Structure formats: C-alpha cells, structure tokens
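Source file: model_0.txt (compact mmCIF, C-alpha atoms)
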```txt
# COMPACT_ATOMS: atom_id res chain seq x y z
CA GLY O 1 -12.97 8.84 18.97
CA LEU O 2 -15.39 11.72 18.46
CA LEU O 3 -13.73 13.38 15.46
CA HIS O 4 -14.38 11.99 11.96
CA ALA O 5 -12.39 14.73 10.21
CA TYR O 6 -10.53 17.99 10.88
CA HIS O 7 -9.11 20.72 8.63
CA ASP O 8 -7.90 24.23 9.46
CA ARG O 9 -9.50 27.11 7.56
CA SER O 10 -6.51 29.46 7.41
CA ASP O 11 -5.83 28.87 3.68
CA GLY O 12 -8.85 29.71 1.55
CA GLY O 13 -11.39 30.08 4.32
CA VAL O 14 -14.32 27.86 5.21
CA PHE O 15 -15.37 27.43 1.57
CA THR O 16 -12.03 25.98 0.46
CA THR O 17 -11.69 23.99 3.67
CA LEU O 18 -15.06 22.30 3.28
CA CYS O 19 -14.55 21.63 -0.42
CA GLU O 20 -11.19 19.98 0.22
CA MET O 21 -12.74 17.84 2.94
CA ALA O 22 -15.51 16.81 0.55
CA LEU O 23 -13.00 15.93 -2.18
CA ALA O 24 -11.00 13.78 0.22
CA GLY O 25 -14.10 12.10 1.62
CA GLY O 26 -15.91 11.64 -1.67
CA THR O 27 -19.12 13.25 -0.42
CA GLY O 28 -21.47 16.08 -1.23
CA LEU O 29 -22.16 18.87 1.26
CA SER O 30 -25.12 20.92 2.50
CA ILE O 31 -23.78 24.05 4.25
CA ASP O 32 -25.46 27.04 5.89
CA LEU O 33 -23.17 30.06 6.42
CA ASP O 34 -25.60 32.16 8.52
CA ALA O 35 -23.80 31.54 11.80
CA LEU O 36 -20.55 33.02 10.42
CA GLY O 37 -21.80 36.56 9.85
CA GLU O 38 -23.93 38.83 7.68
CA SER O 39 -21.64 38.82 4.65
CA PRO O 40 -21.63 35.55 2.69
CA LEU O 41 -18.29 36.42 1.10
CA ALA O 42 -16.65 37.08 4.46
CA ALA O 43 -18.22 33.98 5.93
CA ALA O 44 -16.98 31.79 3.07
CA PHE O 45 -13.48 33.15 2.49
CA ALA O 46 -12.17 34.78 5.71
CA GLU O 47 -8.79 33.19 6.47
CA GLU O 48 -8.80 33.88 10.19
CA ALA O 49 -7.62 31.17 12.57
CA GLY O 50 -10.15 28.42 12.91
CA ALA O 51 -11.00 24.87 11.96
CA VAL O 52 -13.80 22.71 10.63
CA VAL O 53 -14.46 19.43 12.41
CA GLN O 54 -16.85 16.64 11.52
CA ILE O 55 -18.57 14.59 14.23
CA GLY O 56 -21.29 11.98 14.35
CA ALA O 57 -24.73 13.58 14.66
CA GLY O 58 -25.56 11.37 17.63
CA ARG O 59 -22.48 12.51 19.58
CA ARG O 60 -23.17 16.25 19.48
CA ALA O 61 -24.03 16.49 23.20
CA GLU O 62 -20.70 14.88 24.17
CA VAL O 63 -18.77 17.29 21.95
CA ASP O 64 -20.66 20.31 23.28
CA ALA O 65 -19.88 19.27 26.85
CA ILE O 66 -16.16 19.04 26.14
CA LEU O 67 -16.14 22.43 24.39
CA ALA O 68 -18.08 24.01 27.26
CA ARG O 69 -15.56 22.72 29.81
CA HIS O 70 -12.89 24.63 27.93
CA GLY O 71 -14.93 27.81 27.46
CA LEU O 72 -15.19 27.40 23.69
CA GLU O 73 -18.95 26.98 23.22
CA ALA O 74 -19.44 30.58 21.99
CA LEU O 75 -16.82 30.07 19.26
CA VAL O 76 -18.39 26.95 17.74
CA HIS O 77 -20.99 27.08 14.97
CA SER O 78 -23.01 24.39 13.22
CA LEU O 79 -22.39 24.48 9.46
CA GLY O 80 -24.19 21.53 7.93
CA HIS O 81 -23.62 17.91 6.95
CA PRO O 82 -22.31 15.63 4.18
CA THR O 83 -24.71 14.39 1.51
CA THR O 84 -24.74 11.40 -0.80
CA ASP O 85 -25.83 13.12 -4.03
CA GLY O 86 -22.36 14.41 -4.95
CA MET O 87 -23.48 18.08 -4.91
CA ILE O 88 -21.82 20.83 -2.85
CA ARG O 89 -24.30 23.52 -1.80
CA PHE O 90 -23.80 26.69 0.26
CA ARG O 91 -26.68 28.82 1.56
CA HIS O 92 -26.81 32.18 3.32
CA GLY O 93 -29.95 33.86 4.62
CA GLY O 94 -32.00 30.98 3.30
CA VAL O 95 -30.78 31.61 -0.25
CA GLY O 96 -28.47 29.36 -2.24
CA VAL O 97 -25.21 31.23 -2.95
CA PHE O 98 -23.19 28.42 -4.56
CA GLU O 99 -23.89 24.99 -6.02
CA ALA O 100 -21.66 22.62 -8.02
CA ASP O 101 -21.07 18.91 -8.35
CA ARG O 102 -18.08 17.59 -6.46
CA ALA O 103 -16.43 16.01 -9.52
CA SER O 104 -16.23 19.31 -11.42
CA LEU O 105 -14.71 21.05 -8.40
CA HIS O 106 -12.25 18.20 -7.93
CA GLY O 107 -11.26 18.50 -11.58
CA ALA O 108 -10.62 22.23 -11.19
CA TRP O 109 -8.69 21.66 -7.96
CA HIS O 110 -6.51 18.97 -9.58
CA GLU O 111 -5.99 20.56 -13.00
CA THR O 112 -2.74 22.35 -12.13
CA SER O 113 -1.23 19.10 -10.89
CA TYR O 114 -2.54 17.31 -13.98
CA ARG O 115 -0.90 19.83 -16.32
CA MET O 116 2.41 19.59 -14.45
CA GLN O 117 2.29 15.79 -14.46
CA SER O 118 1.61 15.78 -18.19
CA LEU O 119 4.85 17.69 -18.79
CA ARG O 120 7.01 16.05 -16.14
CA ASP O 121 5.80 12.43 -16.03
CA ASN O 122 4.03 10.02 -18.36
CA PRO O 123 1.20 12.11 -19.90
CA GLU O 124 -0.96 9.00 -20.41
CA CYS O 125 -0.88 8.24 -16.68
CA ALA O 126 -1.70 11.85 -15.85
CA GLU O 127 -4.69 11.70 -18.22
CA GLU O 128 -5.96 8.44 -16.72
CA GLN O 129 -6.00 9.86 -13.20
CA TYR O 130 -7.56 13.14 -14.31
CA GLU O 131 -10.31 11.26 -16.15
CA SER O 132 -11.23 9.29 -13.04
CA ILE O 133 -11.40 12.55 -11.06
CA VAL O 134 -13.55 14.64 -13.41
CA THR O 135 -16.01 11.80 -13.97
CA GLY O 136 -16.27 11.19 -10.23
CA SER O 137 -15.97 7.47 -10.89
CA ASP O 138 -13.51 6.49 -8.16
CA PRO O 139 -15.38 5.22 -5.06
CA GLY O 140 -12.13 4.69 -3.14
CA LEU O 141 -10.73 1.59 -1.45
CA ARG O 142 -13.21 -1.27 -1.11
CA PRO O 143 -11.53 -4.24 0.60
CA SER O 144 -12.99 -7.73 0.61
CA VAL O 145 -11.48 -10.22 3.05
CA GLY O 146 -12.35 -13.88 2.54
CA PHE O 147 -10.96 -15.12 5.86
CA ASP O 148 -10.79 -14.08 9.52
CA PRO O 149 -7.61 -11.99 10.02
CA GLN O 150 -7.89 -12.43 13.79
CA GLU O 151 -7.66 -16.23 13.56
CA ASP O 152 -4.13 -17.29 14.45
CA ILE O 153 -3.74 -20.44 12.36
CA ALA O 154 -0.18 -20.82 13.65
CA ALA O 155 -1.22 -20.72 17.33
CA PRO O 156 -0.99 -24.51 17.90
CA LEU O 157 2.67 -24.37 16.81
CA ILE O 158 3.74 -21.45 18.97
CA GLY O 159 5.25 -22.22 22.33
CA GLY O 160 7.91 -24.65 21.24
CA ALA O 161 11.00 -23.98 19.17
CA ARG O 162 10.84 -20.87 16.99
CA PRO O 163 12.16 -21.62 13.47
CA ARG O 164 15.05 -19.38 12.50
CA MET O 165 14.28 -16.86 9.78
CA ALA O 166 17.11 -15.08 7.94
CA VAL O 167 16.16 -11.47 7.27
CA LEU O 168 18.60 -10.53 4.51
CA ARG O 169 20.14 -7.11 4.13
CA GLU O 170 22.36 -5.48 1.55
CA GLN O 171 23.76 -1.98 1.31
CA GLY O 172 20.80 0.41 1.12
CA VAL O 173 18.11 -2.05 2.23
CA ASN O 174 15.86 -0.45 4.86
CA GLY O 175 12.83 -2.71 5.38
CA GLN O 176 14.42 -5.29 7.66
CA ASN O 177 12.87 -4.15 10.95
CA GLU O 178 9.25 -4.36 9.79
CA MET O 179 9.92 -7.69 8.10
CA ALA O 180 11.57 -9.13 11.21
CA ALA O 181 8.64 -7.92 13.34
CA ALA O 182 6.09 -9.59 11.06
CA PHE O 183 7.85 -12.96 11.11
CA ASP O 184 8.50 -12.67 14.84
CA ARG O 185 4.79 -12.07 15.48
CA ALA O 186 3.99 -15.23 13.50
CA GLY O 187 6.25 -17.39 15.68
CA PHE O 188 9.68 -17.20 14.05
CA GLU O 189 13.06 -16.20 15.43
CA SER O 190 14.09 -13.42 13.05
CA VAL O 191 17.85 -13.13 12.56
CA ASP O 192 19.56 -10.13 10.96
CA VAL O 193 21.82 -11.46 8.19
CA HIS O 194 23.89 -9.06 6.12
CA MET O 195 25.18 -10.21 2.76
CA SER O 196 28.72 -9.60 3.97
CA ASP O 197 28.10 -12.25 6.67
CA LEU O 198 27.30 -14.78 3.96
CA SER O 199 30.10 -13.84 1.59
CA ALA O 200 32.65 -14.00 4.43
CA GLY O 201 31.33 -17.35 5.68
CA ARG O 202 30.37 -16.02 9.12
CA VAL O 203 26.77 -17.18 8.57
CA SER O 204 25.38 -20.08 6.54
CA LEU O 205 21.89 -20.48 5.11
CA THR O 206 21.92 -24.11 6.19
CA ASP O 207 20.96 -22.85 9.67
CA PHE O 208 17.67 -21.34 8.53
CA ALA O 209 14.20 -22.60 7.61
CA GLY O 210 13.38 -19.49 5.60
CA ILE O 211 14.93 -16.40 4.08
CA THR O 212 13.37 -13.08 3.20
CA ALA O 213 14.88 -10.35 1.03
CA CYS O 214 13.59 -6.96 2.15
CA GLY O 215 12.72 -3.69 0.50
CA GLY O 216 14.93 -0.66 0.15
CA PHE O 217 17.45 0.67 -2.34
CA SER O 218 20.29 -1.84 -2.63
CA TYR O 219 23.40 -0.08 -3.91
CA GLY O 220 21.26 3.03 -4.32
CA ASP O 221 19.60 1.31 -7.31
CA VAL O 222 22.42 2.71 -9.44
CA LEU O 223 22.93 -0.79 -10.91
CA GLY O 224 19.23 -1.21 -11.60
CA ALA O 225 16.66 -2.09 -8.98
CA GLY O 226 17.86 -5.21 -7.21
CA GLY O 227 20.50 -5.83 -9.89
CA GLY O 228 23.53 -5.07 -7.76
CA TRP O 229 22.18 -7.26 -4.98
CA ALA O 230 21.60 -10.16 -7.36
CA ARG O 231 25.11 -9.78 -8.80
CA SER O 232 26.65 -9.86 -5.32
CA ILE O 233 25.23 -13.39 -5.12
CA ARG O 234 25.66 -14.54 -8.70
CA PHE O 235 29.30 -13.51 -9.06
CA ASN O 236 30.50 -14.77 -5.67
CA GLU O 237 31.02 -18.51 -5.73
CA ARG O 238 30.39 -18.97 -2.02
CA THR O 239 27.12 -17.04 -1.91
CA ARG O 240 25.88 -18.46 -5.22
CA ASP O 241 26.38 -21.99 -3.93
CA GLU O 242 24.73 -21.08 -0.61
CA PHE O 243 21.59 -19.75 -2.30
CA ALA O 244 21.39 -22.51 -4.90
CA ALA O 245 21.60 -25.17 -2.18
CA PHE O 246 19.02 -23.36 -0.04
CA PHE O 247 16.53 -23.04 -2.89
CA ALA O 248 16.98 -26.73 -3.70
CA ARG O 249 16.06 -27.86 -0.16
CA ALA O 250 12.44 -29.01 -0.06
CA ASP O 251 12.04 -27.97 3.60
CA THR O 252 12.74 -24.24 3.05
CA PHE O 253 10.83 -21.20 1.84
CA SER O 254 11.77 -17.75 0.57
CA LEU O 255 10.05 -14.38 0.32
CA GLY O 256 11.18 -11.36 -1.69
CA VAL O 257 9.49 -7.97 -1.25
CA CYS O 258 10.07 -4.84 -3.35
CA ASN O 259 13.85 -4.57 -3.74
CA GLY O 260 14.09 -8.18 -2.61
CA CYS O 261 11.47 -9.11 -5.23
CA GLN O 262 13.60 -7.50 -7.92
CA MET O 263 16.68 -9.30 -6.63
CA LEU O 264 15.12 -12.78 -6.49
CA ALA O 265 13.58 -12.28 -9.94
CA GLN O 266 17.11 -11.90 -11.30
CA LEU O 267 18.11 -15.17 -9.61
CA ARG O 268 15.24 -17.13 -11.16
CA ASP O 269 17.63 -19.56 -12.86
CA LEU O 270 18.74 -20.67 -9.37
CA ILE O 271 15.16 -21.13 -8.12
CA PRO O 272 13.34 -24.33 -9.11
CA GLY O 273 10.05 -23.54 -10.84
CA ALA O 274 10.75 -19.83 -11.42
CA ASP O 275 11.69 -20.01 -15.10
CA ASN O 276 8.70 -17.90 -16.21
CA TRP O 277 9.24 -15.03 -13.80
CA PRO O 278 9.63 -11.53 -15.26
CA THR O 279 12.17 -8.86 -14.45
CA PHE O 280 11.02 -5.52 -13.04
CA VAL O 281 11.63 -2.29 -14.91
CA ARG O 282 10.86 1.40 -14.48
CA ASN O 283 7.31 2.32 -13.54
CA ARG O 284 5.10 3.38 -16.44
CA SER O 285 4.42 6.66 -14.60
CA GLU O 286 8.18 7.37 -14.72
CA GLN O 287 8.02 8.24 -11.03
CA PHE O 288 8.65 6.59 -7.68
CA GLU O 289 5.25 5.42 -6.47
CA ALA O 290 4.37 5.42 -2.78
CA ARG O 291 0.67 4.85 -2.09
CA LEU O 292 -1.92 2.46 -0.67
CA SER O 293 -3.05 0.20 -3.52
CA MET O 294 -5.58 -2.60 -3.89
CA VAL O 295 -4.46 -6.09 -4.88
CA GLU O 296 -6.35 -9.33 -5.42
CA VAL O 297 -4.95 -12.61 -4.11
CA LEU O 298 -5.19 -15.23 -6.86
CA SER O 299 -5.37 -18.97 -6.50
CA SER O 300 -1.77 -20.17 -6.69
CA ALA O 301 0.71 -22.63 -5.22
CA SER O 302 2.19 -19.97 -2.90
CA LEU O 303 2.45 -21.29 0.66
CA PHE O 304 2.33 -17.70 1.88
CA LEU O 305 -1.05 -16.94 0.33
CA ALA O 306 -2.87 -20.19 1.16
CA GLY O 307 -6.48 -19.59 2.18
CA MET O 308 -6.38 -15.94 1.09
CA GLU O 309 -7.57 -16.56 -2.48
CA GLY O 310 -10.18 -14.14 -3.77
CA SER O 311 -9.50 -11.49 -1.13
CA ARG O 312 -9.00 -7.92 -2.29
CA LEU O 313 -6.78 -6.07 0.15
CA PRO O 314 -5.17 -2.62 0.53
CA VAL O 315 -1.38 -2.79 0.77
CA PRO O 316 1.41 -0.17 0.76
CA VAL O 317 3.59 0.13 -2.32
CA ALA O 318 6.84 2.07 -2.56
CA HIS O 319 8.99 1.52 -5.65
CA GLY O 320 10.41 3.14 -8.76
CA GLU O 321 10.96 -0.01 -10.81
CA GLY O 322 8.00 -2.34 -10.30
CA CYS O 323 6.67 -2.90 -13.81
CA ALA O 324 6.81 -6.62 -14.60
CA SER O 325 8.43 -7.29 -17.96
CA TRP O 326 8.80 -10.59 -19.75
CA GLY O 327 11.12 -8.99 -22.33
CA GLY O 328 10.46 -8.10 -25.93
CA GLY O 329 6.77 -7.65 -25.30
CA GLY O 330 6.38 -11.38 -24.73
CA PRO O 331 3.20 -12.91 -23.29
CA VAL O 332 2.44 -12.75 -19.59
CA ALA O 333 3.12 -16.10 -17.92
CA MET O 334 0.03 -16.21 -15.71
CA ASP O 335 0.62 -19.71 -14.35
CA THR O 336 2.87 -18.40 -11.56
CA VAL O 337 1.04 -15.09 -10.87
CA ALA O 338 -0.16 -14.83 -7.26
CA LEU O 339 -1.14 -11.14 -6.86
CA ARG O 340 -2.47 -8.51 -9.23
CA TYR O 341 -3.63 -4.92 -8.95
CA VAL O 342 -7.37 -4.28 -9.13
CA ASP O 343 -9.46 -1.15 -9.51
CA PRO O 344 -12.11 -0.07 -6.96
CA TRP O 345 -14.62 -2.42 -8.63
CA GLY O 346 -12.37 -5.45 -8.19
CA GLN O 347 -11.35 -5.70 -11.85
CA THR O 348 -7.79 -6.35 -13.00
CA THR O 349 -6.32 -3.03 -14.05
CA GLU O 350 -3.44 -1.45 -15.92
CA THR O 351 -4.83 2.05 -15.30
CA TRP O 352 -2.81 4.50 -13.21
CA PRO O 353 -2.83 5.11 -10.30
CA TRP O 354 -4.81 1.96 -9.41
CA ASN O 355 -1.97 0.05 -11.03
CA PRO O 356 0.95 2.17 -9.79
CA ASN O 357 3.63 0.68 -12.05
CA GLY O 358 1.86 -0.31 -15.25
CA SER O 359 2.51 -4.04 -15.03
CA PRO O 360 0.61 -5.96 -17.75
CA CYS O 361 -2.48 -7.76 -16.46
CA GLY O 362 -1.89 -6.02 -13.10
CA VAL O 363 0.83 -8.53 -12.16
CA THR O 364 2.57 -7.68 -8.89
CA GLY O 365 3.30 -10.99 -7.13
CA LEU O 366 4.53 -14.39 -8.33
CA THR O 367 5.33 -17.79 -6.91
CA SER O 368 7.50 -20.73 -7.88
CA THR O 369 5.60 -23.73 -9.19
CA ASP O 370 5.96 -25.58 -5.88
CA GLY O 371 4.89 -22.52 -3.89
CA ARG O 372 8.01 -22.35 -1.70
CA VAL O 373 9.30 -19.05 -3.14
CA THR O 374 7.08 -15.98 -3.46
CA ILE O 375 8.04 -12.53 -4.71
CA MET O 376 5.94 -9.36 -4.69
CA MET O 377 6.34 -5.62 -5.16
CA PRO O 378 3.88 -4.47 -2.42
CA HIS O 379 4.89 -4.36 1.25
CA PRO O 380 2.67 -6.68 3.36
CA GLU O 381 5.13 -6.33 6.26
CA ARG O 382 4.11 -2.67 6.45
CA ALA O 383 0.48 -3.62 7.04
CA PHE O 384 0.39 -6.72 9.24
CA ARG O 385 -1.11 -4.61 12.05
CA THR O 386 -4.07 -2.34 11.45
CA VAL O 387 -2.34 0.56 13.23
CA GLN O 388 0.13 0.61 10.34
CA TYR O 389 -2.55 1.58 7.82
CA SER O 390 -3.33 5.12 6.73
CA TRP O 391 -6.92 3.82 6.47
CA HIS O 392 -8.67 0.55 7.18
CA PRO O 393 -12.29 -0.52 7.73
CA PRO O 394 -13.29 0.29 11.32
CA GLU O 395 -14.49 -3.25 11.98
CA TRP O 396 -11.02 -4.75 11.49
CA GLY O 397 -9.34 -5.85 14.70
CA ALA O 398 -5.73 -5.42 15.75
CA ASP O 399 -4.30 -7.90 13.23
CA GLY O 400 -4.28 -6.82 9.62
CA PRO O 401 -5.17 -9.38 6.92
CA TRP O 402 -1.57 -9.53 5.72
CA LEU O 403 -0.46 -11.16 8.96
CA ARG O 404 -2.07 -14.35 7.61
CA MET O 405 0.77 -14.51 5.08
CA PHE O 406 3.40 -14.85 7.77
CA ARG O 407 1.28 -17.21 9.85
CA ASN O 408 0.86 -19.37 6.75
CA ALA O 409 4.63 -19.77 6.58
CA ARG O 410 4.79 -20.87 10.21
CA ARG O 411 1.98 -23.37 9.72
CA TRP O 412 3.63 -24.76 6.58
CA LEU O 413 6.76 -25.62 8.54
CA GLY O 414 4.69 -27.54 11.10
```
For this file, write the structure as structure tokens.
Amino acid sequence: GLLHAYHDRSDGGVFTTLCEMALAGGTGLSIDLDALGESPLAAAFAEEAGAVVQIGAGRRAEVDAILARHGLEALVHSLGHPTTDGMIRFRHGGVGVFEADRASLHGAWHETSYRMQSLRDNPECAEEQYESIVTGSDPGLRPSVGFDPQEDIAAPLIGGARPRMAVLREQGVNGQNEMAAAFDRAGFESVDVHMSDLSAGRVSLTDFAGITACGGFSYGDVLGAGGGWARSIRFNERTRDEFAAFFARADTFSLGVCNGCQMLAQLRDLIPGADNWPTFVRNRSEQFEARLSMVEVLSSASLFLAGMEGSRLPVPVAHGEGCASWGGGGPVAMDTVALRYVDPWGQTTETWPWNPNGSPCGVTGLTSTDGRVTIMMPHPERAFRTVQYSWHPPEWGADGPWLRMFRNARRWLG
C-alpha cells in the first residue's frame, strides 16, 4: 500500500519515464536531477536499469526503512513531486533545463498514434480524441454514486430458496462465468443453459424466474453481432415459443448484455413493450472498443436500475457493434432509454472515446416499458466487485456499485 505509481526507466531514461507517468496521472511535475550525476543529459536520458516510484510524502520513513533492510538505500534518490499547475519542469544545479506544459507534451507523444488512427480508423474519432489531449481538457473518470453500494437490499430475502436464473450461452459466448457469479452473489441459483439444451427440449424456460443473455461473439459475429443467436431462436419453433411464453409471463425478468443485448434487440417483436428498441451496428470508430467508460443511469422503468437514477458510474465496455440505430436516421426513442454515455463533466456525449461506439444521444442501455427486460452494451457483471476494476475511488468498499443491479432483481422477485 505504499506505492502510488511505478515505471521502469529503461526506455527513454528518467525524463521519458517521468513524462509518461505525468501524462497517465494528469499532473504536472517539479523535478531536480542533481542526485543523478553532474551531466543533466546523462541524468535525464540514461537508459540503465532502474525505476521511478511515487510514494506519499508522509510515508517516506517507512519506505526508507524497507529499502535499508534490503541494502538499497544508497541506490535511491529523491527526484521531486507532482504539481497541480499542469507544467513539467526539470532543474539541474539549481537551473531550469526544461519546461513545458503537460498537454503539449501529451500531444507530441500521441501524435504518431493519431496519424495512424486517422488513416486506419474513423478520422473524425481520431481528431476528437487528439483535440481532448492537446487542450488538456480531459480530467479523467469522475464517478458519482447516489446510493450506498455496500447496502445489501436483497439481504432479507437471502437464506431461503434461491430463485433459478438461466444463464444463456450460444456458440462463441464467453461471459457466462462472470454473469453467473454476479447473480449468485445477489442470491440466485445460476444455471448454465446452452441454446442446444433449449432447442432439444432438455431444458425449459418455465423452470426459471429470470434469464440473462451474456456477452461474447456468438457464431463469431459472422452473421452480424447477435444476429445468428437471434435467428437460432426465431427460426426454431420450439425455442421461439419458449422465449415468447417466457417474455409474456409477468413474474419473470430478462437481462441482455453486449452480445446478449444485440440478440434481444433483434427479438424485440417477441418482447412486450420493446417496440421502440434500436438495433446495434458497427462502432463509429470502426474498431472493437475495450475500455472503461462512464455511463449515467437515467430514470426508467427498469427493475434492474431502480434506486440508481442519477448515478454516473465507470463500467467496462468490449464490443465492435454497439452503435444504437433506429434505422434510416430516424429519431431516438428516449422513452425506453435507461443508460447513456457521459463525458467527464457528466454531460451526454457522442464524442469518442467517451462514447466508444457513437450511439446517438449516448444511448447504451434500454428497458421494456414495464421494466422487466433490460438490455445494455456495457458489462456490469465485470465490475460488481471493486477488485475487478482497473481503477476505482479508494473509498469504495468491496462491493462495486453495479452489484446493486443484481440485488435489485432479487428484491423485485420478493
């Protein structure tokens, strides 16, 4: 718990190492190179083995004691500290030897990638990201949670019978384990159900309180994202009747995530109250997008998102075809929208990469009018525990905010 950051200096030396750390952390730097030798050039750019670590100023004595126990104290040098003014400054012998604002350095560092993206991907998306970098306008993830993630609202219901949850799989689906774990943690009995089990009649949806269609690459996405999976239901009389009857039952719920979102969207004519749902087409960036994005939970009928309205939460995304399309450039049907992408200032966005797929009005999650069926492109099952995050606020406990979604489903069943 003593290290805030670490980066080796073997590629580019201490100068490059510190600059890259500053770019990643969004900070300025005040650095003194005196301890690294008489030559400022050698001190800044020597690529010998070594590393830069950042620690809390108040913990220096603890760090020194650990280093001394291992005989390393003579090899450690104080370099400086981060600053809040956005400037990166290096001194040697009491004289400033380099000074630049972080944004301009970040722009130079990113320009090669920007030029490649402009040729390979959507040039408008590449420009949007580059603009946010060179202006230094991106403050990073800024979550806002309007409820207590550690409160287990389903706790009074746990201890008795665990409702059976069908975790659906099709060829190429790969998100079933995380999804099963999330529902299991919320008090369900997660059951692995392959589509071949349903089509052969070995399993029936009548035995389940809920179904969830997971993320992955059904049929390798060669039939369009989620399209092959939807057709395996639509064009098989047994499975079509099974799903239609399940959706019609007032005591059931359904969740579709990523590939499962795409699949359920193509079954909207079987789902009561889903007439205005879009289909999902290729990302505006023309690339598979895998990143941690910010979404806002809107006020909606979704049973999964009850009590989460107004929260802005980081959530993993991983998809190639997540852009919501109502066809022919038609208007966005906002009445069933439950989630939308927001920028670091909490505003709805269509700007890449804050909106990773280019969906109009930031749309990325929808619900049926009665709230029993919810679909979304992000992966909340990959972030129901804080240890699953690449970053989260340090004050969060063990349960991530997205666990509330699964607990909401358990509470809804009673």
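Ranking O:Phe45, O:Phe406, O:Trp277, O:Tyr130 by their shortest atom-to-atom distance to O:Ile375, with only C-alpha atoms included, puts O:Trp277 first.
Minimum atom-to-atom distance to O:Ala248, evaluated using all atoms listed in the file, belongs to O:Ser368 out of O:Ser368, O:Ser196, O:Thr17, O:Ser311.
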Hey, which bits of stretch 80-155 of chain O sit within 12 Å of stretch 389-405 of chain O, and for each residue what's the closest pair of atoms and how far apart in Å (one decimal), counting only C-alpha atoms, rows by chain and increasing number, as a Markdown table?
```
| residue | atom | partner | partner_atom | distance |
| --- | --- | --- | --- | --- |
| O:Gly140 | CA | O:Trp391 | CA | 11.0 |
| O:Leu141 | CA | O:His392 | CA | 8.9 |
| O:Arg142 | CA | O:Pro393 | CA | 8.9 |
| O:Pro143 | CA | O:Pro393 | CA | 8.1 |
| O:Ser144 | CA | O:Pro393 | CA | 10.2 |
| O:Val145 | CA | O:Pro401 | CA | 7.4 |
| O:Gly146 | CA | O:Pro401 | CA | 9.5 |
| O:Phe147 | CA | O:Pro401 | CA | 8.2 |
| O:Asp148 | CA | O:Pro401 | CA | 7.8 |
| O:Pro149 | CA | O:Pro401 | CA | 4.7 |
| O:Gln150 | CA | O:Asp399 | CA | 5.8 |
| O:Glu151 | CA | O:Arg404 | CA | 8.4 |
| O:Asp152 | CA | O:Arg404 | CA | 7.7 |
| O:Ile153 | CA | O:Arg404 | CA | 7.9 |
| O:Ala154 | CA | O:Arg404 | CA | 9.1 |
| O:Ala155 | CA | O:Arg404 | CA | 11.7 |
```
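Using all atoms listed in the file, the protein and nucleic acid residues lying no more than 10 Å from O:Ser299, apart from those fewer than 4 places from it along its own chain, are O:Leu305, O:Ala306, O:Gly307, O:Met308, O:Glu309, O:Gly310, O:Asp335, O:Thr336, O:Val337, O:Ala338, O:Leu339.
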message: For O:Asp101, find every residue with an atom within 8 Å (counting only C-alpha atoms), except residues of its own chain fewer than 6 positions away, and show them as a PyMOL selection string.
response: chain O and resi 28+86-88
O:Gln176, O:Ser204, O:Gln287, O:Thr239 ranked by distance to O:Pro123, top pick (using only C-alpha atoms): O:Gln287
task: Kindly indicate which residue among O:His319, O:Arg162, O:Arg284, O:His106 lies nearest to O:Gly216, using only C-alpha atoms for the distances.
output: O:His319
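In terms of minimum interatomic distance to O:Ser218, O:Val173 ranks closest within O:Ile233, O:Val63, O:Cys323, O:Val173, counting all atoms listed in the file.
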query: Near O:His194, within 10 Å and counting only C-alpha atoms, which residues show up once chain neighbours fewer than 6 positions away are dropped, as a PyMOL selection string?
result: chain O and resi 166-171+173+202-203
